[in-house]
$ cat entry.cif   # mmCIF, C-alpha atoms and all ligand atoms
data_my_file
loop_
_atom_site.group_PDB
_atom_site.id
_atom_site.type_symbol
_atom_site.label_atom_id
_atom_site.label_comp_id
_atom_site.auth_asym_id
_atom_site.auth_seq_id
_atom_site.Cartn_x
_atom_site.Cartn_y
_atom_site.Cartn_z
ATOM 1 C CA ASN A 1 0.000 0.000 0.000
ATOM 2 C CA THR A 2 1.428 3.366 -0.997
ATOM 3 C CA GLN A 3 -0.816 5.465 1.235
ATOM 4 C CA ASP A 4 0.344 4.122 4.604
ATOM 5 C CA PHE A 5 3.128 6.580 5.484
ATOM 6 C CA HIS A 6 1.227 7.535 8.632
ATOM 7 C CA ASN A 7 1.881 4.055 10.059
ATOM 8 C CA ILE A 8 5.626 4.578 9.980
ATOM 9 C CA LYS A 9 7.606 5.327 13.078
ATOM 10 C CA GLN A 10 11.228 6.004 12.241
ATOM 11 C CA SER A 11 13.815 4.430 14.504
ATOM 12 C CA ARG A 12 16.625 6.430 16.115
ATOM 13 C CA MET A 13 19.079 7.547 13.464
ATOM 14 C CA ILE A 14 22.149 9.771 13.561
ATOM 15 C CA TYR A 15 22.660 12.302 10.761
ATOM 16 C CA THR A 16 23.443 15.989 10.252
ATOM 17 C CA LYS A 17 20.289 18.061 10.410
ATOM 18 C CA PRO A 18 18.838 19.894 7.404
ATOM 19 C CA GLN A 19 19.931 23.553 7.311
ATOM 20 C CA ILE A 20 17.363 26.116 6.241
ATOM 21 C CA LEU A 21 20.001 28.666 5.198
ATOM 22 C CA LYS A 22 22.303 26.131 3.574
ATOM 23 C CA PRO A 23 20.435 24.320 0.791
ATOM 24 C CA PRO A 24 22.332 21.181 -0.257
ATOM 25 C CA ARG A 25 22.420 22.233 -3.909
ATOM 26 C CA CYS A 26 22.489 25.824 -5.177
ATOM 27 C CA ASP A 27 23.507 24.918 -8.735
ATOM 28 C CA VAL A 28 20.315 23.173 -9.844
ATOM 29 C CA LEU A 29 16.541 23.504 -9.453
ATOM 30 C CA MET A 30 15.418 21.232 -6.616
ATOM 31 C CA MET A 31 11.663 21.831 -6.811
ATOM 32 C CA THR A 32 9.174 22.511 -9.591
ATOM 33 C CA PRO A 33 6.675 25.383 -9.303
ATOM 34 C CA TRP A 34 4.024 22.743 -8.453
ATOM 35 C CA PHE A 35 6.147 21.468 -5.561
ATOM 36 C CA ALA A 36 7.428 18.259 -7.075
ATOM 37 C CA PRO A 37 10.983 17.494 -5.926
ATOM 38 C CA ILE A 38 13.643 17.143 -8.620
ATOM 39 C CA VAL A 39 15.979 14.357 -7.528
ATOM 40 C CA TRP A 40 19.680 15.254 -7.564
ATOM 41 C CA GLU A 41 22.564 13.706 -5.667
ATOM 42 C CA GLY A 42 23.032 15.488 -2.338
ATOM 43 C CA THR A 43 19.392 16.496 -1.848
ATOM 44 C CA TYR A 44 18.048 13.456 0.007
ATOM 45 C CA ASN A 45 19.019 11.020 2.759
ATOM 46 C CA SER A 46 18.798 7.406 1.528
ATOM 47 C CA GLU A 47 18.932 6.054 5.046
ATOM 48 C CA ILE A 48 15.690 7.786 6.026
ATOM 49 C CA LEU A 49 13.985 6.871 2.757
ATOM 50 C CA ASN A 50 15.133 3.244 2.846
ATOM 51 C CA GLU A 51 13.726 2.800 6.313
ATOM 52 C CA GLN A 52 10.360 4.255 5.274
ATOM 53 C CA PHE A 53 10.048 2.006 2.237
ATOM 54 C CA ARG A 54 11.384 -1.073 4.080
ATOM 55 C CA GLN A 55 8.759 -0.668 6.784
ATOM 56 C CA ARG A 56 6.084 -0.569 4.104
ATOM 57 C CA ASN A 57 7.634 -3.742 2.579
ATOM 58 C CA VAL A 58 7.255 -2.174 -0.851
ATOM 59 C CA THR A 59 7.758 -4.273 -3.995
ATOM 60 C CA VAL A 60 8.936 -2.446 -7.099
ATOM 61 C CA GLY A 61 8.279 -3.695 -10.633
ATOM 62 C CA LEU A 62 10.962 -2.855 -13.197
ATOM 63 C CA THR A 63 9.535 -3.236 -16.710
ATOM 64 C CA VAL A 64 11.714 -3.602 -19.760
ATOM 65 C CA PHE A 65 11.095 -4.577 -23.381
ATOM 66 C CA ALA A 66 13.535 -6.772 -25.276
ATOM 67 C CA ILE A 67 11.960 -7.371 -28.652
ATOM 68 C CA LYS A 68 13.877 -9.013 -31.489
ATOM 69 C CA LYS A 69 17.596 -8.190 -31.391
ATOM 70 C CA TYR A 70 17.280 -6.092 -28.231
ATOM 71 C CA VAL A 71 17.490 -9.305 -26.166
ATOM 72 C CA VAL A 72 21.281 -8.843 -26.417
ATOM 73 C CA PHE A 73 21.023 -5.975 -23.897
ATOM 74 C CA LEU A 74 19.321 -8.036 -21.179
ATOM 75 C CA LYS A 75 22.395 -9.604 -19.570
ATOM 76 C CA THR A 76 24.189 -6.357 -18.735
ATOM 77 C CA PHE A 77 20.898 -4.663 -17.885
ATOM 78 C CA LEU A 78 19.938 -7.323 -15.331
ATOM 79 C CA GLU A 79 23.419 -7.841 -13.885
ATOM 80 C CA THR A 80 23.926 -4.134 -13.251
ATOM 81 C CA ALA A 81 20.367 -3.818 -11.883
ATOM 82 C CA GLU A 82 21.197 -6.511 -9.338
ATOM 83 C CA THR A 83 24.100 -4.357 -8.167
ATOM 84 C CA TYR A 84 22.452 -0.926 -8.175
ATOM 85 C CA PHE A 85 18.643 -0.996 -8.519
ATOM 86 C CA MET A 86 16.550 -0.810 -5.322
ATOM 87 C CA VAL A 87 19.210 -2.581 -3.268
ATOM 88 C CA GLY A 88 17.665 -4.146 -0.142
ATOM 89 C CA HIS A 89 14.099 -3.893 -1.448
ATOM 90 C CA ARG A 90 11.773 -6.379 -3.141
ATOM 91 C CA VAL A 91 11.982 -6.233 -6.957
ATOM 92 C CA ASN A 92 10.130 -7.968 -9.792
ATOM 93 C CA TYR A 93 11.746 -7.668 -13.198
ATOM 94 C CA TYR A 94 9.077 -7.851 -15.900
ATOM 95 C CA ILE A 95 10.726 -8.705 -19.197
ATOM 96 C CA PHE A 96 8.499 -8.301 -22.250
ATOM 97 C CA THR A 97 9.940 -10.256 -25.157
ATOM 98 C CA ASP A 98 9.084 -12.188 -28.294
ATOM 99 C CA ARG A 99 12.132 -14.441 -27.661
ATOM 100 C CA PRO A 100 11.612 -15.920 -24.186
ATOM 101 C CA GLU A 101 14.201 -18.663 -24.824
ATOM 102 C CA GLU A 102 16.884 -15.992 -25.288
ATOM 103 C CA VAL A 103 16.362 -14.355 -21.893
ATOM 104 C CA PRO A 104 19.653 -14.927 -20.021
ATOM 105 C CA LYS A 105 19.701 -16.600 -16.611
ATOM 106 C CA VAL A 106 21.109 -14.082 -14.162
ATOM 107 C CA ALA A 107 21.805 -14.811 -10.487
ATOM 108 C CA LEU A 108 19.294 -12.897 -8.343
ATOM 109 C CA LYS A 109 19.551 -11.725 -4.760
ATOM 110 C CA GLU A 110 16.875 -12.587 -2.190
ATOM 111 C CA GLY A 111 13.493 -10.950 -2.716
ATOM 112 C CA ARG A 112 14.117 -10.415 -6.419
ATOM 113 C CA ASN A 113 12.374 -12.269 -9.281
ATOM 114 C CA VAL A 114 12.379 -12.326 -13.067
ATOM 115 C CA VAL A 115 9.016 -12.656 -14.826
ATOM 116 C CA VAL A 116 9.152 -13.239 -18.573
ATOM 117 C CA LEU A 117 6.082 -12.022 -20.463
ATOM 118 C CA GLN A 118 5.827 -13.230 -24.041
ATOM 119 C CA VAL A 119 4.453 -10.597 -26.391
ATOM 120 C CA GLN A 120 4.257 -10.126 -30.132
ATOM 121 C CA ASN A 121 6.691 -8.092 -32.206
ATOM 122 C CA TYR A 122 6.099 -5.562 -34.977
ATOM 123 C CA PRO A 123 8.094 -4.941 -38.171
ATOM 124 C CA ARG A 124 8.920 -1.265 -37.495
ATOM 125 C CA TRP A 125 11.040 -0.164 -34.515
ATOM 126 C CA GLN A 126 8.808 2.878 -34.106
ATOM 127 C CA GLU A 127 5.808 0.591 -33.643
ATOM 128 C CA ILE A 128 7.690 -1.676 -31.206
ATOM 129 C CA SER A 129 8.611 1.365 -29.164
ATOM 130 C CA MET A 130 5.061 2.806 -29.184
ATOM 131 C CA ARG A 131 3.284 -0.481 -28.464
ATOM 132 C CA ARG A 132 4.988 -0.519 -25.068
ATOM 133 C CA MET A 133 2.243 1.829 -23.875
ATOM 134 C CA GLU A 134 -0.458 -0.659 -24.878
ATOM 135 C CA MET A 135 1.278 -3.633 -23.250
ATOM 136 C CA LEU A 136 2.098 -1.735 -20.062
ATOM 137 C CA SER A 137 -1.506 -0.593 -19.647
ATOM 138 C CA TYR A 138 -2.839 -4.099 -20.289
ATOM 139 C CA PHE A 139 -0.441 -5.820 -17.859
ATOM 140 C CA SER A 140 -0.825 -3.105 -15.211
ATOM 141 C CA GLN A 141 -4.513 -3.875 -14.972
ATOM 142 C CA GLN A 142 -4.187 -7.645 -15.417
ATOM 143 C CA ARG A 143 -1.220 -8.415 -13.274
ATOM 144 C CA PHE A 144 1.017 -5.666 -11.879
ATOM 145 C CA ILE A 145 -1.752 -4.218 -9.700
ATOM 146 C CA ASN A 146 -1.777 -7.507 -7.729
ATOM 147 C CA GLU A 147 2.004 -7.874 -7.452
ATOM 148 C CA VAL A 148 3.778 -4.544 -6.939
ATOM 149 C CA SER A 149 3.223 -1.073 -5.456
ATOM 150 C CA TYR A 150 5.274 0.892 -7.970
ATOM 151 C CA LEU A 151 6.333 0.441 -11.578
ATOM 152 C CA VAL A 152 9.551 1.745 -13.082
ATOM 153 C CA CYS A 153 9.455 1.633 -16.900
ATOM 154 C CA VAL A 154 12.764 1.924 -18.731
ATOM 155 C CA ASP A 155 14.626 1.286 -21.986
ATOM 156 C CA VAL A 156 16.716 -1.889 -22.177
ATOM 157 C CA ASP A 157 19.782 -0.615 -24.058
ATOM 158 C CA MET A 158 21.086 0.745 -20.770
ATOM 159 C CA ARG A 159 23.256 -0.196 -17.807
ATOM 160 C CA PHE A 160 23.078 0.810 -14.165
ATOM 161 C CA ASN A 161 26.294 2.502 -13.072
ATOM 162 C CA ASP A 162 25.360 3.828 -9.611
ATOM 163 C CA GLN A 163 22.567 3.597 -7.035
ATOM 164 C CA VAL A 164 18.964 3.968 -8.221
ATOM 165 C CA GLY A 165 16.831 3.563 -5.119
ATOM 166 C CA VAL A 166 13.559 4.469 -3.474
ATOM 167 C CA GLU A 167 14.329 8.193 -3.788
ATOM 168 C CA ILE A 168 12.806 7.944 -7.285
ATOM 169 C CA LEU A 169 9.449 6.578 -6.107
ATOM 170 C CA SER A 170 6.349 8.737 -6.059
ATOM 171 C CA ASP A 171 2.788 8.588 -7.408
ATOM 172 C CA LEU A 172 3.887 9.721 -10.880
ATOM 173 C CA PHE A 173 7.434 10.460 -11.948
ATOM 174 C CA GLY A 174 9.271 11.385 -15.137
ATOM 175 C CA THR A 175 12.906 12.034 -16.012
ATOM 176 C CA LEU A 176 14.549 15.095 -17.527
ATOM 177 C CA HIS A 177 15.884 14.150 -20.959
ATOM 178 C CA PRO A 178 19.696 14.428 -20.854
ATOM 179 C CA GLY A 179 19.796 16.298 -24.149
ATOM 180 C CA PHE A 180 17.367 19.049 -23.138
ATOM 181 C CA TYR A 181 17.585 19.773 -19.411
ATOM 182 C CA THR A 182 19.235 23.171 -20.017
ATOM 183 C CA ALA A 183 17.319 23.919 -23.230
ATOM 184 C CA GLU A 184 14.846 26.701 -23.876
ATOM 185 C CA ARG A 185 11.228 25.796 -24.495
ATOM 186 C CA ARG A 186 11.532 26.577 -28.211
ATOM 187 C CA SER A 187 14.184 23.853 -28.533
ATOM 188 C CA PHE A 188 12.077 21.112 -26.920
ATOM 189 C CA THR A 189 11.217 18.509 -29.560
ATOM 190 C CA TYR A 190 7.534 18.283 -28.657
ATOM 191 C CA GLU A 191 5.058 17.352 -31.384
ATOM 192 C CA HIS A 192 4.169 20.712 -32.950
ATOM 193 C CA ARG A 193 1.603 19.583 -35.558
ATOM 194 C CA PRO A 194 -1.929 20.245 -34.283
ATOM 195 C CA ALA A 195 -3.193 17.197 -36.223
ATOM 196 C CA SER A 196 -1.466 14.872 -33.745
ATOM 197 C CA GLN A 197 -2.902 13.991 -30.351
ATOM 198 C CA ALA A 198 0.589 14.668 -28.955
ATOM 199 C CA TYR A 199 0.435 18.323 -30.058
ATOM 200 C CA VAL A 200 1.881 20.841 -27.617
ATOM 201 C CA PRO A 201 1.540 24.560 -28.470
ATOM 202 C CA SER A 202 4.850 26.430 -28.732
ATOM 203 C CA ASP A 203 4.042 28.622 -25.711
ATOM 204 C CA GLU A 204 3.500 25.646 -23.359
ATOM 205 C CA GLY A 205 5.696 23.049 -21.686
ATOM 206 C CA ASP A 206 7.706 22.725 -18.468
ATOM 207 C CA PHE A 207 10.468 20.255 -19.311
ATOM 208 C CA TYR A 208 11.329 17.794 -22.036
ATOM 209 C CA TYR A 209 10.924 14.368 -20.478
ATOM 210 C CA ALA A 210 12.661 11.205 -21.660
ATOM 211 C CA GLY A 211 10.581 8.299 -22.955
ATOM 212 C CA GLY A 212 13.106 5.865 -21.497
ATOM 213 C CA PHE A 213 12.445 6.308 -17.760
ATOM 214 C CA PHE A 214 9.102 6.990 -16.084
ATOM 215 C CA GLY A 215 6.904 5.377 -13.483
ATOM 216 C CA GLY A 216 4.748 5.676 -10.417
ATOM 217 C CA THR A 217 2.103 3.679 -8.615
ATOM 218 C CA VAL A 218 0.505 0.962 -10.737
ATOM 219 C CA THR A 219 -2.714 2.995 -10.895
ATOM 220 C CA GLU A 220 -0.936 6.107 -12.161
ATOM 221 C CA VAL A 221 1.147 4.149 -14.688
ATOM 222 C CA TYR A 222 -2.035 2.447 -15.882
ATOM 223 C CA LYS A 223 -3.726 5.835 -16.450
ATOM 224 C CA LEU A 224 -0.673 7.253 -18.218
ATOM 225 C CA THR A 225 -0.046 4.287 -20.499
ATOM 226 C CA LYS A 226 -3.721 3.847 -21.349
ATOM 227 C CA LYS A 227 -4.100 7.517 -22.278
ATOM 228 C CA CYS A 228 -0.903 7.509 -24.351
ATOM 229 C CA HIS A 229 -1.885 4.285 -26.133
ATOM 230 C CA GLU A 230 -5.326 5.668 -26.974
ATOM 231 C CA ALA A 231 -3.767 8.855 -28.338
ATOM 232 C CA ILE A 232 -1.330 6.775 -30.432
ATOM 233 C CA MET A 233 -4.278 4.809 -31.881
ATOM 234 C CA VAL A 234 -6.155 8.008 -32.782
ATOM 235 C CA ASP A 235 -3.032 9.278 -34.544
ATOM 236 C CA LYS A 236 -2.708 5.974 -36.393
ATOM 237 C CA ALA A 237 -6.323 6.208 -37.596
ATOM 238 C CA ASN A 238 -5.567 9.736 -38.804
ATOM 239 C CA GLY A 239 -2.409 8.644 -40.624
ATOM 240 C CA ILE A 240 -0.019 10.613 -38.427
ATOM 241 C CA GLU A 241 2.832 9.462 -36.169
ATOM 242 C CA ALA A 242 4.223 11.801 -33.522
ATOM 243 C CA ILE A 243 7.759 13.037 -34.142
ATOM 244 C CA TRP A 244 9.284 11.034 -31.261
ATOM 245 C CA GLN A 245 6.576 8.372 -31.072
ATOM 246 C CA GLU A 246 5.494 7.521 -27.490
ATOM 247 C CA GLU A 247 7.963 10.034 -26.033
ATOM 248 C CA SER A 248 5.932 12.828 -27.664
ATOM 249 C CA HIS A 249 2.727 11.448 -26.128
ATOM 250 C CA LEU A 250 4.399 11.101 -22.741
ATOM 251 C CA ASN A 251 5.444 14.751 -22.885
ATOM 252 C CA LYS A 252 1.909 15.817 -23.716
ATOM 253 C CA TYR A 253 0.601 13.734 -20.802
ATOM 254 C CA PHE A 254 3.072 15.199 -18.301
ATOM 255 C CA LEU A 255 2.210 18.735 -19.386
ATOM 256 C CA TYR A 256 -1.404 18.272 -18.275
ATOM 257 C CA HIS A 257 -0.876 15.652 -15.535
ATOM 258 C CA LYS A 258 2.071 17.087 -13.658
ATOM 259 C CA PRO A 259 4.478 14.490 -12.237
ATOM 260 C CA THR A 260 4.746 14.408 -8.438
ATOM 261 C CA LYS A 261 8.518 13.837 -8.665
ATOM 262 C CA ILE A 262 11.067 14.452 -11.400
ATOM 263 C CA LEU A 263 14.355 12.629 -11.856
ATOM 264 C CA SER A 264 17.447 14.584 -12.868
ATOM 265 C CA PRO A 265 19.519 13.408 -15.854
ATOM 266 C CA GLU A 266 21.635 11.437 -13.348
ATOM 267 C CA TYR A 267 18.958 8.802 -13.952
ATOM 268 C CA LEU A 268 19.272 8.724 -17.722
ATOM 269 C CA TRP A 269 22.604 9.764 -19.066
ATOM 270 C CA ASP A 270 24.582 9.236 -22.244
ATOM 271 C CA ASP A 271 28.357 9.552 -21.986
ATOM 272 C CA ASN A 272 28.409 11.058 -25.471
ATOM 273 C CA LEU A 273 27.185 14.203 -23.691
ATOM 274 C CA GLY A 274 30.336 14.363 -21.520
ATOM 275 C CA THR A 275 30.093 14.877 -17.760
ATOM 276 C CA PRO A 276 28.995 18.387 -16.755
ATOM 277 C CA GLU A 277 29.914 19.785 -13.315
ATOM 278 C CA ILE A 278 26.337 19.515 -11.998
ATOM 279 C CA LEU A 279 26.277 15.754 -12.664
ATOM 280 C CA LYS A 280 27.559 14.182 -9.430
ATOM 281 C CA LYS A 281 26.463 10.672 -10.354
ATOM 282 C CA ARG A 282 25.829 8.829 -13.629
ATOM 283 C CA ARG A 283 23.381 6.246 -12.396
ATOM 284 C CA PHE A 284 21.854 4.795 -15.569
ATOM 285 C CA LEU A 285 23.789 4.995 -18.816
ATOM 286 C CA ALA A 286 22.993 4.412 -22.469
ATOM 287 C CA VAL A 287 24.840 1.421 -23.926
ATOM 288 C CA PRO A 288 26.209 2.389 -27.345
ATOM 289 C CA LYS A 289 24.396 0.597 -30.157
ATOM 290 C CA ASN A 290 24.684 0.381 -33.888
ATOM 291 C CA HIS A 291 21.195 1.493 -34.924
ATOM 292 C CA ALA A 292 21.461 -0.010 -38.415
ATOM 293 C CA ALA A 293 22.507 -3.420 -37.060
ATOM 294 C CA ILE A 294 20.016 -3.659 -34.227
ATOM 295 C CA ARG A 295 16.825 -1.853 -35.224
ATOM 296 C CA ASN A 296 14.370 -3.579 -37.578
ATOM 297 C CA LYS A 297 16.202 -6.918 -37.136
HETATM 298 N N1 LIG B 301 12.820 -1.979 -28.500
HETATM 299 C C1 LIG B 301 12.964 -3.360 -28.651
HETATM 300 N N2 LIG B 301 13.195 -3.864 -29.894
HETATM 301 C C2 LIG B 301 13.300 -3.089 -31.010
HETATM 302 C C3 LIG B 301 13.174 -1.680 -30.843
HETATM 303 C C4 LIG B 301 12.929 -1.167 -29.586
HETATM 304 O O1 LIG B 301 12.901 -4.081 -27.672
HETATM 305 O O2 LIG B 301 13.517 -3.639 -32.103
HETATM 306 C C5 LIG B 301 12.523 -1.443 -27.159
HETATM 307 C C6 LIG B 301 13.741 -1.509 -26.235
HETATM 308 O O3 LIG B 301 13.289 -1.694 -24.911
HETATM 309 C C7 LIG B 301 14.355 -0.129 -26.417
HETATM 310 C C8 LIG B 301 13.099 0.720 -26.539
HETATM 311 O O4 LIG B 301 15.171 0.250 -25.321
HETATM 312 O O5 LIG B 301 12.160 -0.085 -27.255
HETATM 313 C C9 LIG B 301 13.291 2.073 -27.228
HETATM 314 O O6 LIG B 301 13.965 1.897 -28.449
HETATM 315 P P1 LIG B 301 15.356 2.647 -28.719
HETATM 316 O O7 LIG B 301 14.997 4.104 -28.830
HETATM 317 O O8 LIG B 301 16.215 2.367 -27.501
HETATM 318 O O9 LIG B 301 15.919 2.051 -29.972
#
$ encode --input "entry.cif" --output "structure tokens"
Amino acid sequence: NTQDFHNIKQSRMIYTKPQILKPPRCDVLMMTPWFAPIVWEGTYNSEILNEQFRQRNVTVGLTVFAIKKYVVFLKTFLETAETYFMVGHRVNYYIFTDRPEEVPKVALKEGRNVVVLQVQNYPRWQEISMRRMEMLSYFSQQRFINEVSYLVCVDVDMRFNDQVGVEILSDLFGTLHPGFYTAERRSFTYEHRPASQAYVPSDEGDFYYAGGFFGGTVTEVYKLTKKCHEAIMVDKANGIEAIWQEESHLNKYFLYHKPTKILSPEYLWDDNLGTPEILKKRRFLAVPKNHAAIRNK
């Protein structure tokens, strides 16, 4: 249950107290104008958070799609997740694939399980990417709601490189896209054609969110994925595909359903972008891939 914070009594713990006149970070925005925290290294105390989530005995579902050739990314993804993802908490890995026999066997720590969900594939990579919304909404309602409190939905061509823990969890969270976190609104690659359901007017938008890392409670992820899938189907019927497929629809959704927490680009980084001073940790990194060799295969 995600609503039972009031039943928690913290145990005695020794740490330096928060200082009203000394904010932990002065170099980055720590809070949105709608009072959603933006998660940066240095702004939270994992010990306090871990105790809260441990007491609630929370189980986290990590969903990932490995369709066609993308199964090659699963080994590194799972091995690094075992080292860095939700350490000390209960985790279910939900692996959506059309090649269940190619899912590698990875040694799992206690309280952690792999669930392989066989799904169909599609010829175009754009369609594979977009159909994730449909499958996530279907399985959220059918299965995840009975098994986990929170869902974390990510790309598979990635590796964990540092701690990703319960500090990310909230009713509805999104991640700042590493390519656009300092960009002006006019540079955000929202869908700008009014004919698409993902349309965002040029004078609107808070952030540009990444399609490769979002989540929340199962109920919130169900609402998000269902809405995005429906919008994608309307576009399809109208013969239009949003510029960045489901990422465009996700950005439209977050504009009008504000996330309750936002993850900094620490949670979705690409080393091709270098390592700026503000980036204290690179927690989840893109694995280089040869697009021509791996997409549409
Ligand atoms: N994906 C596949 N197989 C494909 C294309 C995409 O599984 O043939 C899934 C992967 O989970 C990938 C995500 O991380 O869609 C987004 O695609 P990309 O932008 O990483 O290529």
$ closest_residue --input "entry.cif" --among "A:Thr219, A:Ser11, A:Asn296, A:Asn272" --to "Gln141 of chain A" --atoms "only C-alpha atoms"
A:Thr219
$ closest_residue --input "entry.cif" --among "A:His192, A:Arg282, A:Lys252, A:Arg12" --to "Val164 of chain A" --atoms "only C-alpha atoms"
A:Arg282
$ resolve_selection --input "entry.cif" --expression "the PyMOL selection byres (((not hetatm)) within 7 of (chain B and resi 301))" --output "list in words"
Val64, Phe65, Ala66, Ile67, Lys68, Lys69, Tyr70, Trp125, Ile128, Ser129, Asp155, Val156, Asp157, Gly212, Ile294, Arg295, Asn296 and Lys297 of chain A
$ resolve_selection --input "entry.cif" --expression "the PyMOL selection byres (((chain A and resi 163) around 9) and not hetatm)" --output "VMD selection string"
chain A and resid 83 to 87 160 to 162 164 to 165 281 283 to 284
$ residues_around --input "entry.cif" --residues "Ser137 of chain A" --least-positions-apart "3" --cutoff "10 Å" --atoms "all atoms listed in the file" --output "PyMOL selection string"
chain A and resi 132-134+140-142+144+218-219+221-229
$ closest_residue --input "entry.cif" --among "A:Leu268, A:Val116, A:Leu108, A:Ile240" --to "Val91 of chain A" --atoms "only C-alpha atoms"
A:Leu108
$ resolve_selection --input "entry.cif" --expression "the PyMOL selection byres (((chain A and resi 106) around 12) and not hetatm)" --output "PyMOL selection string"
chain A and resi 74-83+93+103-105+107-109+112-114
$ decode --input "entry.cif" --residues "segment 104-110 of chain A" --atoms "all heavy atoms" --output "PDB file, in the first residue's frame"
ATOM      1  N   PRO A 104      18.548 -14.307 -20.748  1.00  0.00           N
ATOM      2  CA  PRO A 104      19.653 -14.927 -20.021  1.00  0.00           C
ATOM      3  C   PRO A 104      19.278 -15.233 -18.578  1.00  0.00           C
ATOM      4  O   PRO A 104      18.444 -14.547 -17.989  1.00  0.00           O
ATOM      5  CB  PRO A 104      20.749 -13.859 -20.061  1.00  0.00           C
ATOM      6  CG  PRO A 104      20.014 -12.575 -20.210  1.00  0.00           C
ATOM      7  CD  PRO A 104      18.790 -12.885 -21.028  1.00  0.00           C
ATOM      8  N   LYS A 105      19.887 -16.284 -18.033  1.00  0.00           N
ATOM      9  CA  LYS A 105      19.701 -16.600 -16.611  1.00  0.00           C
ATOM     10  C   LYS A 105      20.715 -15.785 -15.820  1.00  0.00           C
ATOM     11  O   LYS A 105      21.915 -15.938 -16.023  1.00  0.00           O
ATOM     12  CB  LYS A 105      19.943 -18.101 -16.368  1.00  0.00           C
ATOM     13  CG  LYS A 105      18.940 -19.011 -17.090  1.00  0.00           C
ATOM     14  CD  LYS A 105      17.675 -19.245 -16.264  1.00  0.00           C
ATOM     15  CE  LYS A 105      16.651 -20.087 -17.016  1.00  0.00           C
ATOM     16  NZ  LYS A 105      16.011 -19.378 -18.173  1.00  0.00           N
ATOM     17  N   VAL A 106      20.228 -14.938 -14.961  1.00  0.00           N
ATOM     18  CA  VAL A 106      21.109 -14.082 -14.162  1.00  0.00           C
ATOM     19  C   VAL A 106      20.861 -14.397 -12.690  1.00  0.00           C
ATOM     20  O   VAL A 106      19.703 -14.555 -12.277  1.00  0.00           O
ATOM     21  CB  VAL A 106      20.831 -12.587 -14.474  1.00  0.00           C
ATOM     22  CG1 VAL A 106      21.519 -11.674 -13.489  1.00  0.00           C
ATOM     23  CG2 VAL A 106      21.266 -12.252 -15.905  1.00  0.00           C
ATOM     24  N   ALA A 107      21.942 -14.519 -11.922  1.00  0.00           N
ATOM     25  CA  ALA A 107      21.805 -14.811 -10.487  1.00  0.00           C
ATOM     26  C   ALA A 107      21.124 -13.642  -9.783  1.00  0.00           C
ATOM     27  O   ALA A 107      21.531 -12.488  -9.944  1.00  0.00           O
ATOM     28  CB  ALA A 107      23.179 -15.065  -9.884  1.00  0.00           C
ATOM     29  N   LEU A 108      20.067 -13.950  -8.997  1.00  0.00           N
ATOM     30  CA  LEU A 108      19.294 -12.897  -8.343  1.00  0.00           C
ATOM     31  C   LEU A 108      19.453 -12.959  -6.837  1.00  0.00           C
ATOM     32  O   LEU A 108      19.506 -14.044  -6.260  1.00  0.00           O
ATOM     33  CB  LEU A 108      17.810 -13.047  -8.698  1.00  0.00           C
ATOM     34  CG  LEU A 108      17.450 -12.997 -10.183  1.00  0.00           C
ATOM     35  CD1 LEU A 108      15.962 -13.289 -10.365  1.00  0.00           C
ATOM     36  CD2 LEU A 108      17.796 -11.638 -10.781  1.00  0.00           C
ATOM     37  N   LYS A 109      19.490 -11.767  -6.222  1.00  0.00           N
ATOM     38  CA  LYS A 109      19.551 -11.725  -4.760  1.00  0.00           C
ATOM     39  C   LYS A 109      18.162 -12.026  -4.169  1.00  0.00           C
ATOM     40  O   LYS A 109      17.153 -12.026  -4.888  1.00  0.00           O
ATOM     41  CB  LYS A 109      20.011 -10.336  -4.313  1.00  0.00           C
ATOM     42  CG  LYS A 109      21.403  -9.973  -4.841  1.00  0.00           C
ATOM     43  CD  LYS A 109      22.111  -9.010  -3.901  1.00  0.00           C
ATOM     44  CE  LYS A 109      23.496  -8.651  -4.410  1.00  0.00           C
ATOM     45  NZ  LYS A 109      23.469  -7.727  -5.572  1.00  0.00           N
ATOM     46  N   GLU A 110      18.127 -12.253  -2.861  1.00  0.00           N
ATOM     47  CA  GLU A 110      16.875 -12.587  -2.190  1.00  0.00           C
ATOM     48  C   GLU A 110      15.825 -11.485  -2.382  1.00  0.00           C
ATOM     49  O   GLU A 110      16.147 -10.300  -2.355  1.00  0.00           O
ATOM     50  CB  GLU A 110      17.152 -12.770  -0.688  1.00  0.00           C
ATOM     51  CG  GLU A 110      16.106 -13.609   0.017  1.00  0.00           C
ATOM     52  CD  GLU A 110      16.232 -13.507   1.519  1.00  0.00           C
ATOM     53  OE1 GLU A 110      17.380 -13.428   2.018  1.00  0.00           O
ATOM     54  OE2 GLU A 110      15.178 -13.477   2.178  1.00  0.00           O
TER      55      GLU A 110
END
